[in-house]
$ cat input-v8.cif   # mmCIF, C-alpha atoms
data_protein
#
loop_
_atom_site.label_atom_id
_atom_site.label_comp_id
_atom_site.auth_asym_id
_atom_site.auth_seq_id
_atom_site.Cartn_x
_atom_site.Cartn_y
_atom_site.Cartn_z
CA MET A 1 -121.04 -167.95 69.36
CA PRO A 2 -122.98 -164.85 68.35
CA ASP A 3 -122.17 -163.51 64.90
CA PRO A 4 -119.49 -160.84 65.49
CA THR A 5 -120.42 -158.92 62.32
CA PRO A 6 -124.16 -158.27 62.28
CA MET A 7 -125.69 -158.36 58.81
CA GLU A 8 -126.15 -154.94 57.22
CA ILE A 9 -129.86 -154.32 56.68
CA PRO A 10 -130.52 -152.97 53.18
CA THR A 11 -132.62 -149.86 52.85
CA MET A 12 -135.30 -148.93 50.35
CA GLN A 13 -137.40 -145.93 49.50
CA VAL A 14 -141.01 -146.01 50.59
CA ALA A 15 -143.61 -143.57 49.28
CA CYS A 16 -146.99 -143.63 50.95
CA ASP A 17 -149.90 -141.50 52.01
CA VAL A 18 -150.42 -141.17 55.75
CA ASN A 19 -153.51 -139.30 56.96
CA GLY A 20 -153.82 -137.57 53.58
CA GLU A 21 -150.21 -136.40 53.44
CA SER A 22 -147.58 -137.89 51.10
CA PHE A 23 -144.32 -139.12 52.60
CA THR A 24 -141.19 -140.51 50.95
CA ARG A 25 -138.55 -141.98 53.22
CA ASP A 26 -135.53 -144.30 53.03
CA ILE A 27 -136.04 -147.10 55.54
CA PRO A 28 -134.54 -150.49 56.42
CA VAL A 29 -136.38 -153.25 54.54
CA ASP A 30 -137.21 -155.06 57.77
CA MET A 31 -138.81 -152.11 59.59
CA PRO A 32 -142.34 -152.80 60.87
CA LEU A 33 -144.97 -150.22 59.93
CA LEU A 34 -145.50 -149.47 63.64
CA GLU A 35 -141.88 -148.35 64.00
CA PHE A 36 -142.12 -146.33 60.77
CA LEU A 37 -145.20 -144.47 62.02
CA ARG A 38 -143.86 -143.80 65.51
CA ASP A 39 -140.10 -143.36 65.08
CA VAL A 40 -139.75 -142.13 61.50
CA LEU A 41 -142.90 -140.03 61.11
CA GLY A 42 -143.31 -139.19 64.81
CA LEU A 43 -146.95 -140.31 64.87
CA THR A 44 -146.90 -141.77 68.37
CA GLY A 45 -150.67 -142.05 68.74
CA THR A 46 -150.41 -145.62 67.45
CA LYS A 47 -149.24 -147.82 70.31
CA GLY A 48 -147.39 -151.12 70.42
CA ALA A 49 -147.32 -153.75 73.14
CA CYS A 50 -147.35 -157.45 72.32
CA LEU A 51 -145.76 -157.25 68.84
CA GLU A 52 -147.47 -160.51 67.92
CA GLY A 53 -151.02 -159.54 66.95
CA GLU A 54 -152.65 -160.39 70.28
CA CYS A 55 -153.43 -156.94 71.72
CA GLY A 56 -154.57 -154.67 68.87
CA SER A 57 -152.99 -151.53 70.33
CA CYS A 58 -151.16 -150.95 67.01
CA THR A 59 -154.30 -151.11 64.83
CA VAL A 60 -154.33 -148.71 61.87
CA LEU A 61 -156.16 -148.66 58.54
CA VAL A 62 -154.35 -149.49 55.29
CA ASP A 63 -156.48 -148.68 52.26
CA GLY A 64 -159.44 -148.61 54.66
CA GLU A 65 -158.92 -152.06 56.23
CA THR A 66 -157.77 -152.62 59.80
CA ILE A 67 -154.33 -154.18 60.14
CA ASN A 68 -151.89 -154.69 62.99
CA SER A 69 -149.06 -152.29 62.20
CA CYS A 70 -146.62 -154.35 64.29
CA LEU A 71 -147.03 -157.23 61.80
CA MET A 72 -146.88 -155.37 58.49
CA LEU A 73 -143.56 -154.16 57.14
CA ALA A 74 -143.33 -150.48 56.25
CA ALA A 75 -142.05 -151.56 52.83
CA GLN A 76 -145.43 -153.18 52.23
CA VAL A 77 -147.31 -149.86 52.36
CA ASN A 78 -145.37 -148.45 49.41
CA ASN A 79 -147.94 -146.61 47.25
CA ARG A 80 -150.70 -147.35 49.75
CA SER A 81 -152.71 -145.17 52.04
CA VAL A 82 -152.49 -145.37 55.84
CA THR A 83 -154.86 -143.83 58.38
CA THR A 84 -153.79 -143.53 62.01
CA ILE A 85 -155.55 -142.11 65.06
CA GLU A 86 -153.98 -138.72 64.23
CA GLY A 87 -155.89 -138.72 60.93
CA LEU A 88 -159.39 -138.83 62.42
CA ALA A 89 -159.94 -135.42 63.97
CA ALA A 90 -160.44 -132.42 61.70
CA GLY A 91 -158.38 -129.76 63.45
CA THR A 92 -159.83 -129.43 66.93
CA GLU A 93 -163.06 -131.18 65.96
CA LEU A 94 -162.98 -134.77 67.14
CA ASP A 95 -164.19 -137.71 65.09
CA VAL A 96 -167.58 -138.92 66.33
CA ILE A 97 -165.96 -142.05 67.81
CA GLN A 98 -163.35 -140.03 69.69
CA ASP A 99 -166.11 -137.74 70.93
CA SER A 100 -168.13 -140.72 72.14
CA PHE A 101 -165.15 -142.23 73.97
CA VAL A 102 -164.86 -138.92 75.85
CA ALA A 103 -168.61 -138.71 76.50
CA THR A 104 -168.95 -142.24 77.90
CA GLY A 105 -165.64 -142.33 79.77
CA ALA A 106 -164.44 -145.21 77.63
CA ALA A 107 -160.74 -144.53 78.29
CA GLN A 108 -158.97 -145.12 81.58
CA CYS A 109 -155.23 -145.55 81.08
CA GLY A 110 -155.86 -144.90 77.40
CA TYR A 111 -153.23 -147.20 75.96
CA CYS A 112 -155.71 -149.36 74.03
CA THR A 113 -157.86 -146.40 72.97
CA PRO A 114 -156.26 -145.50 69.61
CA GLY A 115 -156.41 -149.12 68.44
CA LEU A 116 -160.00 -149.55 69.58
CA ILE A 117 -161.06 -146.33 67.89
CA MET A 118 -159.43 -147.42 64.61
CA SER A 119 -161.20 -150.80 64.74
CA ALA A 120 -164.49 -149.01 65.43
CA ARG A 121 -163.78 -146.54 62.61
CA ALA A 122 -163.38 -149.39 60.10
CA LEU A 123 -166.64 -150.93 61.31
CA LEU A 124 -168.61 -147.70 60.96
CA ASN A 125 -167.00 -146.94 57.58
CA ASP A 126 -168.06 -150.31 56.21
CA GLN A 127 -171.58 -150.73 57.50
CA PRO A 128 -174.47 -148.35 58.03
CA ASP A 129 -176.32 -151.00 60.07
CA ILE A 130 -174.50 -153.03 62.68
CA SER A 131 -175.71 -155.73 65.02
CA GLU A 132 -174.45 -156.25 68.56
CA SER A 133 -172.48 -159.31 67.43
CA GLU A 134 -170.90 -157.45 64.50
CA LEU A 135 -169.84 -154.74 66.92
CA LEU A 136 -168.30 -157.24 69.34
CA THR A 137 -166.54 -159.07 66.49
CA ALA A 138 -165.11 -155.81 65.14
CA LEU A 139 -163.54 -155.07 68.53
CA GLU A 140 -162.47 -158.62 69.42
CA GLY A 141 -158.85 -158.06 68.38
CA ASN A 142 -158.38 -155.18 70.84
CA ILE A 143 -157.56 -155.85 74.47
CA CYS A 144 -158.42 -153.36 77.24
CA ARG A 145 -157.11 -154.17 80.71
CA CYS A 146 -158.86 -151.30 82.55
CA THR A 147 -162.46 -150.80 81.64
CA GLY A 148 -164.09 -154.19 81.30
CA TYR A 149 -165.26 -153.07 77.85
CA ALA A 150 -168.81 -151.96 78.80
CA SER A 151 -168.09 -148.25 78.39
CA ILE A 152 -166.14 -148.90 75.18
CA ILE A 153 -169.04 -150.78 73.63
CA GLU A 154 -171.40 -148.02 74.74
CA ALA A 155 -169.09 -145.45 73.12
CA VAL A 156 -169.13 -147.24 69.78
CA LYS A 157 -172.91 -147.65 69.93
CA ARG A 158 -173.29 -143.96 70.68
CA ALA A 159 -170.96 -143.06 67.80
CA HIS A 160 -173.02 -145.28 65.52
CA ARG A 161 -176.27 -143.59 66.60
CA GLU A 162 -174.72 -140.13 66.20
CA SER A 163 -173.44 -140.92 62.71
CA GLN A 164 -176.86 -142.16 61.66
CA ASN A 165 -178.52 -139.01 62.99
CA ALA A 166 -175.95 -136.76 61.36
CA MET B 1 -133.53 -156.14 49.17
CA PHE B 2 -137.30 -155.90 49.21
CA HIS B 3 -138.82 -157.46 46.11
CA GLN B 4 -142.46 -156.77 45.45
CA PRO B 5 -143.42 -158.71 42.31
CA MET B 6 -146.75 -157.83 40.71
CA THR B 7 -147.08 -161.18 38.90
CA PHE B 8 -146.75 -164.77 40.08
CA GLU B 9 -144.30 -165.47 37.22
CA HIS B 10 -141.98 -162.73 38.47
CA ALA B 11 -142.28 -164.11 42.00
CA LEU B 12 -141.25 -167.57 40.71
CA ASP B 13 -138.24 -166.02 38.92
CA LEU B 14 -137.16 -164.39 42.18
CA ARG B 15 -137.74 -167.56 44.19
CA SER B 16 -135.76 -169.58 41.66
CA GLU B 17 -132.90 -167.09 41.80
CA LEU B 18 -132.85 -166.43 45.57
CA GLY B 19 -134.13 -169.70 47.06
CA THR B 20 -133.96 -169.75 50.84
CA ASP B 21 -131.89 -166.54 50.93
CA ALA B 22 -135.15 -164.65 50.55
CA THR B 23 -138.07 -164.73 52.99
CA VAL B 24 -141.45 -164.98 51.29
CA ILE B 25 -143.97 -162.69 52.98
CA ASN B 26 -147.64 -161.96 52.39
CA GLY B 27 -149.73 -160.80 55.36
CA GLY B 28 -146.74 -160.98 57.70
CA THR B 29 -148.72 -162.42 60.60
CA ASP B 30 -146.24 -165.27 61.04
CA VAL B 31 -143.07 -163.86 59.44
CA VAL B 32 -143.06 -160.52 61.29
CA VAL B 33 -143.96 -162.17 64.63
CA ALA B 34 -140.84 -164.34 64.19
CA MET B 35 -138.83 -161.20 63.32
CA ASN B 36 -140.21 -159.32 66.34
CA HIS B 37 -139.21 -162.27 68.54
CA GLY B 38 -135.70 -162.23 67.04
CA ALA B 39 -136.14 -165.80 65.77
CA ILE B 40 -135.34 -164.78 62.19
CA LYS B 41 -133.46 -161.77 60.79
CA PRO B 42 -134.25 -161.67 57.08
CA THR B 43 -132.54 -159.09 54.87
CA THR B 44 -134.14 -160.12 51.58
CA PHE B 45 -137.89 -160.38 51.07
CA ILE B 46 -140.20 -161.53 48.31
CA ASP B 47 -143.49 -159.80 49.12
CA VAL B 48 -146.25 -161.63 47.23
CA SER B 49 -149.06 -159.49 48.65
CA ARG B 50 -149.47 -157.39 45.45
CA ILE B 51 -150.07 -160.37 43.16
CA LYS B 52 -153.75 -160.06 42.24
CA ALA B 53 -153.90 -163.54 40.69
CA LEU B 54 -153.26 -165.07 44.14
CA ARG B 55 -156.39 -163.39 45.58
CA GLY B 56 -158.92 -165.21 43.36
CA ILE B 57 -161.54 -167.80 44.35
CA GLU B 58 -163.04 -169.74 41.44
CA LYS B 59 -165.11 -172.84 40.66
CA GLN B 60 -163.56 -175.28 38.22
CA ASN B 61 -164.43 -178.92 37.39
CA GLY B 62 -166.28 -179.61 40.61
CA HIS B 63 -163.57 -177.94 42.69
CA LEU B 64 -163.34 -174.65 44.44
CA ILE B 65 -159.87 -173.20 43.89
CA MET B 66 -158.55 -170.59 46.30
CA GLY B 67 -155.44 -168.57 45.49
CA ALA B 68 -152.71 -168.69 48.12
CA GLY B 69 -153.22 -164.99 48.87
CA VAL B 70 -156.88 -165.36 49.84
CA THR B 71 -157.21 -163.90 53.34
CA PHE B 72 -159.00 -165.35 56.35
CA ALA B 73 -161.41 -162.41 56.05
CA ASP B 74 -162.24 -163.62 52.50
CA LEU B 75 -162.59 -167.25 53.69
CA GLY B 76 -164.88 -166.07 56.48
CA LYS B 77 -167.48 -165.27 53.81
CA MET B 78 -167.41 -168.74 52.21
CA HIS B 79 -170.20 -171.32 52.30
CA PHE B 80 -167.94 -174.20 53.42
CA ARG B 81 -168.87 -174.28 57.05
CA ALA B 82 -165.70 -175.77 58.56
CA LEU B 83 -163.40 -173.51 56.55
CA ARG B 84 -165.55 -170.45 57.24
CA GLU B 85 -165.74 -171.07 60.98
CA ALA B 86 -162.05 -171.99 61.21
CA SER B 87 -161.14 -168.78 59.37
CA LEU B 88 -163.34 -166.62 61.59
CA SER B 89 -161.67 -168.20 64.64
CA VAL B 90 -158.24 -166.95 63.54
CA GLY B 91 -157.00 -163.86 65.41
CA GLY B 92 -159.13 -160.73 65.32
CA PRO B 93 -160.41 -158.78 62.29
CA ALA B 94 -157.04 -157.12 61.61
CA ILE B 95 -155.22 -160.46 61.60
CA ARG B 96 -157.90 -161.91 59.31
CA ASN B 97 -157.44 -158.98 56.92
CA MET B 98 -153.73 -159.78 56.73
CA GLY B 99 -153.27 -163.54 57.19
CA THR B 100 -153.65 -165.76 54.13
CA ILE B 101 -154.46 -169.41 53.54
CA GLY B 102 -151.19 -169.81 51.62
CA GLY B 103 -149.30 -168.42 54.60
CA ASN B 104 -151.10 -170.79 56.96
CA ILE B 105 -150.04 -173.72 54.75
CA ALA B 106 -146.48 -172.37 54.37
CA THR B 107 -146.03 -171.92 58.14
CA ALA B 108 -147.38 -175.45 58.65
CA SER B 109 -147.98 -174.98 62.35
CA PRO B 110 -149.77 -177.88 64.06
CA ALA B 111 -152.12 -175.14 65.34
CA GLY B 112 -152.90 -173.90 61.81
CA ASP B 113 -156.70 -173.67 61.94
CA GLY B 114 -157.06 -173.22 58.18
CA CYS B 115 -154.87 -176.26 57.51
CA VAL B 116 -156.97 -178.46 59.81
CA ALA B 117 -160.22 -177.47 58.08
CA LEU B 118 -158.67 -178.02 54.65
CA LEU B 119 -157.26 -181.42 55.64
CA ALA B 120 -160.71 -182.64 56.66
CA MET B 121 -161.98 -181.45 53.28
CA ASN B 122 -159.36 -183.55 51.41
CA ALA B 123 -157.77 -180.40 50.06
CA GLU B 124 -154.98 -180.42 47.51
CA VAL B 125 -152.26 -177.78 47.38
CA GLN B 126 -150.69 -176.45 44.20
CA LEU B 127 -146.94 -175.86 44.33
CA SER B 128 -145.17 -174.04 41.50
CA SER B 129 -141.60 -173.54 40.40
CA LYS B 130 -140.01 -171.83 37.43
CA ALA B 131 -138.09 -174.97 36.47
CA ARG B 132 -140.81 -177.61 36.82
CA GLY B 133 -144.10 -175.75 36.52
CA ASP B 134 -147.15 -176.54 38.66
CA ARG B 135 -147.90 -179.68 40.68
CA TRP B 136 -150.96 -180.58 42.76
CA MET B 137 -150.49 -182.74 45.84
CA PRO B 138 -152.84 -183.86 48.60
CA LEU B 139 -152.42 -181.51 51.55
CA VAL B 140 -152.05 -184.57 53.78
CA ASP B 141 -148.82 -185.46 51.93
CA TYR B 142 -147.53 -181.90 52.07
CA PHE B 143 -147.01 -181.89 55.86
CA ILE B 144 -143.90 -183.95 56.65
CA ASP B 145 -142.80 -183.09 60.18
CA TYR B 146 -142.84 -180.15 62.58
CA ARG B 147 -142.80 -177.12 60.25
CA LYS B 148 -141.22 -179.31 57.56
CA THR B 149 -143.14 -179.54 54.30
CA ALA B 150 -142.89 -180.81 50.73
CA LEU B 151 -142.33 -177.26 49.43
CA ALA B 152 -139.00 -177.18 47.53
CA ASP B 153 -136.58 -174.27 47.89
CA ASP B 154 -137.52 -172.93 44.46
CA GLU B 155 -141.28 -173.38 44.88
CA LEU B 156 -144.11 -171.12 45.94
CA ILE B 157 -147.61 -172.07 47.04
CA LYS B 158 -149.99 -171.02 44.28
CA ALA B 159 -153.42 -172.30 45.30
CA VAL B 160 -155.42 -174.81 47.29
CA ARG B 161 -158.53 -176.64 46.11
CA VAL B 162 -161.36 -178.61 47.68
CA HIS B 163 -164.31 -180.50 46.22
CA ASN B 164 -167.29 -178.27 45.73
CA ASN B 165 -169.80 -179.46 48.21
CA PRO B 166 -168.73 -181.28 51.34
CA ARG B 167 -170.80 -181.03 54.50
CA SER B 168 -168.45 -179.97 57.21
CA ARG B 169 -168.18 -178.99 60.85
CA TRP B 170 -165.50 -177.29 62.95
CA TYR B 171 -164.77 -176.66 66.61
CA LYS B 172 -161.82 -175.12 68.39
CA ILE B 173 -161.00 -175.27 72.09
CA GLY B 174 -158.81 -172.44 73.30
CA LYS B 175 -158.37 -170.24 76.31
CA ARG B 176 -160.16 -167.12 75.14
CA GLY B 177 -163.27 -166.14 73.23
CA ALA B 178 -161.29 -164.28 70.56
CA VAL B 179 -157.71 -164.02 69.27
CA ASN B 180 -157.63 -167.59 70.35
CA ILE B 181 -154.79 -169.99 69.58
CA SER B 182 -156.02 -173.57 69.36
CA LEU B 183 -155.44 -175.81 72.33
CA VAL B 184 -157.05 -178.48 70.25
CA CYS B 185 -159.27 -178.17 67.20
CA CYS B 186 -161.21 -180.59 65.06
CA ALA B 187 -162.72 -180.48 61.59
CA ILE B 188 -164.97 -183.07 59.97
CA SER B 189 -166.26 -183.24 56.44
CA GLN B 190 -168.49 -185.66 54.60
CA ASN B 191 -168.74 -185.82 50.82
CA GLU B 192 -171.70 -186.94 48.71
CA ASN B 193 -170.41 -190.54 48.70
CA ASN B 194 -170.70 -190.66 52.48
CA LYS B 195 -166.92 -190.58 52.86
CA THR B 196 -166.06 -188.84 56.09
CA GLU B 197 -162.71 -187.31 57.01
CA LEU B 198 -161.57 -186.08 60.39
CA ALA B 199 -158.65 -183.76 61.07
CA PHE B 200 -157.17 -182.35 64.27
CA GLY B 201 -154.90 -179.47 65.22
CA CYS B 202 -152.39 -179.34 68.10
CA VAL B 203 -152.29 -183.10 68.60
CA GLY B 204 -148.86 -183.78 67.10
CA PRO B 205 -146.06 -182.11 65.12
CA ILE B 206 -148.28 -181.46 62.10
CA PRO B 207 -151.98 -180.88 61.43
CA LYS B 208 -153.26 -184.45 61.64
CA VAL B 209 -155.81 -186.63 59.86
CA ALA B 210 -157.32 -189.74 61.45
CA PRO B 211 -157.41 -192.39 58.68
CA LYS B 212 -158.57 -195.29 60.88
CA ALA B 213 -161.52 -193.30 62.17
CA SER B 214 -162.31 -192.17 58.62
CA ALA B 215 -162.18 -195.79 57.43
CA LEU B 216 -164.59 -196.88 60.15
CA LEU B 217 -167.05 -194.22 59.00
CA THR B 218 -166.77 -194.71 55.26
CA GLY B 219 -170.01 -195.79 53.64
CA GLU B 220 -171.75 -196.11 57.01
CA THR B 221 -174.84 -194.26 58.16
CA LEU B 222 -174.10 -192.31 61.31
CA THR B 223 -175.60 -193.80 64.48
CA PRO B 224 -174.91 -192.94 68.12
CA GLU B 225 -173.15 -196.32 68.54
CA LEU B 226 -170.88 -195.79 65.54
CA ILE B 227 -170.10 -192.27 66.72
CA ASP B 228 -169.05 -193.62 70.14
CA ASP B 229 -166.77 -196.18 68.49
CA VAL B 230 -165.12 -193.53 66.33
CA ALA B 231 -164.76 -191.13 69.27
CA ASN B 232 -162.89 -193.87 71.15
CA LEU B 233 -160.74 -194.78 68.18
CA VAL B 234 -159.47 -191.23 67.53
CA THR B 235 -157.77 -191.12 70.93
CA HIS B 236 -155.36 -193.77 69.58
CA GLU B 237 -154.73 -191.85 66.38
CA VAL B 238 -153.52 -188.59 67.89
CA ALA B 239 -150.18 -187.95 69.60
CA PRO B 240 -150.51 -184.72 71.56
CA ILE B 241 -147.85 -183.32 73.88
CA ASP B 242 -147.96 -181.33 77.14
CA ASP B 243 -147.21 -177.66 76.54
CA GLN B 244 -147.99 -174.24 78.02
CA ARG B 245 -151.52 -174.29 76.59
CA GLY B 246 -152.62 -177.70 77.91
CA THR B 247 -151.74 -181.29 78.70
CA ALA B 248 -151.61 -184.26 76.36
CA THR B 249 -154.20 -186.07 78.47
CA TYR B 250 -156.67 -183.20 78.18
CA ARG B 251 -156.07 -182.85 74.44
CA ARG B 252 -156.58 -186.56 73.84
CA ALA B 253 -159.84 -186.50 75.78
CA MET B 254 -161.01 -183.43 73.87
CA CYS B 255 -160.31 -185.11 70.51
CA SER B 256 -162.83 -187.71 71.53
CA THR B 257 -165.33 -185.13 72.79
CA LEU B 258 -165.07 -182.98 69.66
CA THR B 259 -165.35 -186.00 67.37
CA LYS B 260 -168.54 -187.04 69.10
CA ARG B 261 -169.95 -183.52 69.11
CA LEU B 262 -169.29 -182.80 65.44
CA LEU B 263 -170.35 -186.22 64.13
CA THR B 264 -173.55 -185.94 66.16
CA GLN B 265 -174.21 -182.56 64.53
CA LEU B 266 -173.71 -184.10 61.09
CA MET B 267 -176.04 -186.99 61.99
CA GLU B 268 -178.78 -184.74 63.35
CA ASP B 269 -178.52 -182.27 60.47
CA ALA B 270 -178.52 -185.01 57.81
CA PRO B 271 -182.05 -184.36 56.47
CA LYS B 272 -181.02 -180.84 55.52
CA GLY B 273 -178.64 -182.29 52.95
CA ASP B 274 -176.01 -179.96 51.58
CA ALA B 275 -177.94 -176.79 52.21
CA ASP B 276 -175.76 -175.85 55.17
CA ALA B 277 -172.50 -177.21 53.79
#

$ encode --input "input-v8.cif" --output "structure tokens"
Amino acid sequence: MPDPTPMEIPTMQVACDVNGESFTRDIPVDMPLLEFLRDVLGLTGTKGACLEGECGSCTVLVDGETINSCLMLAAQVNNRSVTTIEGLAAGTELDVIQDSFVATGAAQCGYCTPGLIMSARALLNDQPDISESELLTALEGNICRCTGYASIIEAVKRAHRESQNA
Amino acid sequence: MFHQPMTFEHALDLRSELGTDATVINGGTDVVVAMNHGAIKPTTFIDVSRIKALRGIEKQNGHLIMGAGVTFADLGKMHFRALREASLSVGGPAIRNMGTIGGNIATASPAGDGCVALLAMNAEVQLSSKARGDRWMPLVDYFIDYRKTALADDELIKAVRVHNNPRSRWYKIGKRGAVNISLVCCAISQNENNKTELAFGCVGPIPKVAPKASALLTGETLTPELIDDVANLVTHEVAPIDDQRGTATYRRAMCSTLTKRLLTQLMEDAPKGDADA
């Protein structure tokens, strides 16, 4: 028999920085970060699909490190700093990785794109020099079902070259 | 309630008070998957991810001690080859930034790559409670049955330790090149006294050692003939099942193949000593 009286989920206050802006919200303690970003803050650039860490479409940065936002609880980012795809462009000026994805045609349906760009962002933030294998490893947690990856890899290489020339 | 203790002592107080009413969470890569699947519906959490003391790696008395909160990304930088390669085979970078060795041991999945590498390295796990303090136990004794462990309801995993310098090898067979759940995996380590341990993942309800194969190897110099004997013997020491990832027959055969492959690597690399351990 299903439980006729579902357990009340306690709430808590979370204060965090998202894309440079401070937010304080009361949320259920069991809310995944993905749901917090999309449904509470309205930042729907971050996608969700598998909800088990297989696809990478929910990738965001927490204190500069890539994480799967479907597997972290929003409560866990209290007093931490989150960067989503919405935090990369400066006004109408795209981040160099976003620009490269446009230039090389690295997006088809586009669903995986925000996650891939965040993984690439973390890679380029961390390392001035990257090898082919480091690049492939950095993107290995992100699945694309359209492109076959060649144009995505080219986009990240181009972004890397552009950032070095900048 | 969402408890976020900053010290291990506070976490032990909470665990002592709340027991199994509270779900212990660190990286969330197992707990939140189970929540997303609807398998568990926790309303009280003890989040141990802010406890800095659990993130340390230190050398002590010939051991390397890793805090339970050390991530797979951290372990991927270590010099222990089996543990490093096992850790880098877990998920993708984001999962490795989140998932911890303590979580891998707590979940106690037969597919726990970190657990298999640690088992081959004769690891010991440190369990702590407010009432009884710390205890070390061999990891092999910690795993009891499918997802059933020696961890008491008031205990938390504090650390895991291995001897400083084993030579070790690792291989995982899965269906993909990355974000790859083990279909079968094998770890082998050899200490300075020529004692060799083998461990396997996904060949039974718990991460599994192969004591008969280890006994056959102990004190012996590796030869192709001995390696063949051991590779045959391990097929009798594992008890895999058919599941959606592969058949028992295939897994059993691969245990033999991986044993032969990894022992042959150890044999051929022997002159290099511990340099690549």

$ residues_around --input "input-v8.cif" --residues "Met35 in chain B" --least-positions-apart "2" --cutoff "10 Å" --atoms "all atoms listed in the file" --output "PDB file with C-alpha atoms, in the coordinates of the input"
ATOM      1  CA  ASP A  30    -137.210-155.060  57.770  1.00  0.00           C
ATOM      2  CA  MET A  31    -138.810-152.110  59.590  1.00  0.00           C
ATOM      3  CA  PRO A  32    -142.340-152.800  60.870  1.00  0.00           C
ATOM      4  CA  LEU A  51    -145.760-157.250  68.840  1.00  0.00           C
ATOM      5  CA  GLU A  52    -147.470-160.510  67.920  1.00  0.00           C
ATOM      6  CA  LEU A  71    -147.030-157.230  61.800  1.00  0.00           C
TER       7      LEU A  71
ATOM      8  CA  GLY B  28    -146.740-160.980  57.700  1.00  0.00           C
ATOM      9  CA  ASP B  30    -146.240-165.270  61.040  1.00  0.00           C
ATOM     10  CA  VAL B  31    -143.070-163.860  59.440  1.00  0.00           C
ATOM     11  CA  VAL B  32    -143.060-160.520  61.290  1.00  0.00           C
ATOM     12  CA  VAL B  33    -143.960-162.170  64.630  1.00  0.00           C
ATOM     13  CA  HIS B  37    -139.210-162.270  68.540  1.00  0.00           C
ATOM     14  CA  GLY B  38    -135.700-162.230  67.040  1.00  0.00           C
ATOM     15  CA  ALA B  39    -136.140-165.800  65.770  1.00  0.00           C
ATOM     16  CA  ILE B  40    -135.340-164.780  62.190  1.00  0.00           C
ATOM     17  CA  LYS B  41    -133.460-161.770  60.790  1.00  0.00           C
ATOM     18  CA  PRO B  42    -134.250-161.670  57.080  1.00  0.00           C
TER      19      PRO B  42
END

$ resolve_selection --input "input-v8.cif" --expression "the PyMOL selection byres ((chain B) within 8 of (chain A))" --output "NGL selection string"
:B and (1-2 or 27-29 or 32-33 or 36 or 42-44 or 47 or 91-95 or 97-98 or 178-179)

$ resolve_selection --input "input-v8.cif" --expression "the PyMOL selection byres ((chain B and resi 265) around 12)" --output "PyMOL selection string"
chain B and resi 167-171+188-190+222-224+227+258-264+266-272+276

$ resolve_selection --input "input-v8.cif" --expression "the PyMOL selection byres ((chain A and resi 151) around 10)" --output "list of chain:residue names"
A:Ser100, A:Phe101, A:Ala103, A:Thr104, A:Gly105, A:Ala106, A:Ala107, A:Thr147, A:Gly148, A:Tyr149, A:Ala150, A:Ile152, A:Ile153, A:Glu154, A:Ala155, A:Val156, A:Lys157

$ write_last_selection --input "input-v8.cif" --atoms "C-alpha atoms" --output "tab-separated table (two decimals), keeping the file's coordinate frame"
chain	number	residue	atom	x	y	z
A	100	SER	CA	-168.13	-140.72	72.14
A	101	PHE	CA	-165.15	-142.23	73.97
A	103	ALA	CA	-168.61	-138.71	76.50
A	104	THR	CA	-168.95	-142.24	77.90
A	105	GLY	CA	-165.64	-142.33	79.77
A	106	ALA	CA	-164.44	-145.21	77.63
A	107	ALA	CA	-160.74	-144.53	78.29
A	147	THR	CA	-162.46	-150.80	81.64
A	148	GLY	CA	-164.09	-154.19	81.30
A	149	TYR	CA	-165.26	-153.07	77.85
A	150	ALA	CA	-168.81	-151.96	78.80
A	152	ILE	CA	-166.14	-148.90	75.18
A	153	ILE	CA	-169.04	-150.78	73.63
A	154	GLU	CA	-171.40	-148.02	74.74
A	155	ALA	CA	-169.09	-145.45	73.12
A	156	VAL	CA	-169.13	-147.24	69.78
A	157	LYS	CA	-172.91	-147.65	69.93

$ closest_residue --input "input-v8.cif" --among "B:Asp134, B:Asp145, B:Glu17, B:Glu197" --to "Leu216 in chain B" --atoms "only C-alpha atoms"
B:Glu197

$ closest_residue --input "input-v8.cif" --among "A:Ser57, A:Gln98, A:Ser81, A:Thr92" --to "Glu162 in chain A" --atoms "only C-alpha atoms"
A:Gln98

$ atom_distance --input "input-v8.cif" --atom1 "CA of Met121 in chain B" --atom2 "CA of Arg50 in chain B"
28.2 Å

$ closest_residue --input "input-v8.cif" --among "A:Ile27, A:Ile130, A:Leu43, A:Leu135" --to "Pro114 in chain A" --atoms "all atoms listed in the file"
A:Leu43

$ atom_distance --input "input-v8.cif" --atom1 "CA of Leu198 in chain B" --atom2 "CA of Leu127 in chain B"
24.0 Å

$ residues_near_point --input "input-v8.cif" --point "(-139.0, -179.1, 43.7)" --cutoff "9 Å" --atoms "all atoms listed in the file" --output "compact mmCIF listing (two decimals) with C-alpha atoms, in the coordinates of the input"
# COMPACT_ATOMS: atom_id res chain seq x y z
CA LEU B 127 -146.94 -175.86 44.33
CA SER B 128 -145.17 -174.04 41.50
CA SER B 129 -141.60 -173.54 40.40
CA ALA B 131 -138.09 -174.97 36.47
CA ARG B 132 -140.81 -177.61 36.82
CA ALA B 150 -142.89 -180.81 50.73
CA LEU B 151 -142.33 -177.26 49.43
CA ALA B 152 -139.00 -177.18 47.53
CA ASP B 153 -136.58 -174.27 47.89
CA ASP B 154 -137.52 -172.93 44.46
CA GLU B 155 -141.28 -173.38 44.88

$ residues_around --input "input-v8.cif" --residues "range 231-246 of chain B" --least-positions-apart "2" --cutoff "12 Å" --atoms "all atoms listed in the file" --output "PyMOL selection string"
chain B and resi 110-111+173-176+180-186+197-217+224-229+248-264

$ decode --input "input-v8.cif" --residues "range 253-258 of chain B" --atoms "C-alpha atoms" --output "compact mmCIF listing (two decimals), in the first residue's frame"
# COMPACT_ATOMS: atom_id res chain seq x y z
CA ALA B 253 35.93 -15.64 -18.84
CA MET B 254 37.00 -12.00 -18.55
CA CYS B 255 38.18 -12.50 -14.95
CA SER B 256 40.61 -15.03 -16.34
CA THR B 257 41.65 -12.79 -19.23
CA LEU B 258 42.19 -9.75 -17.01
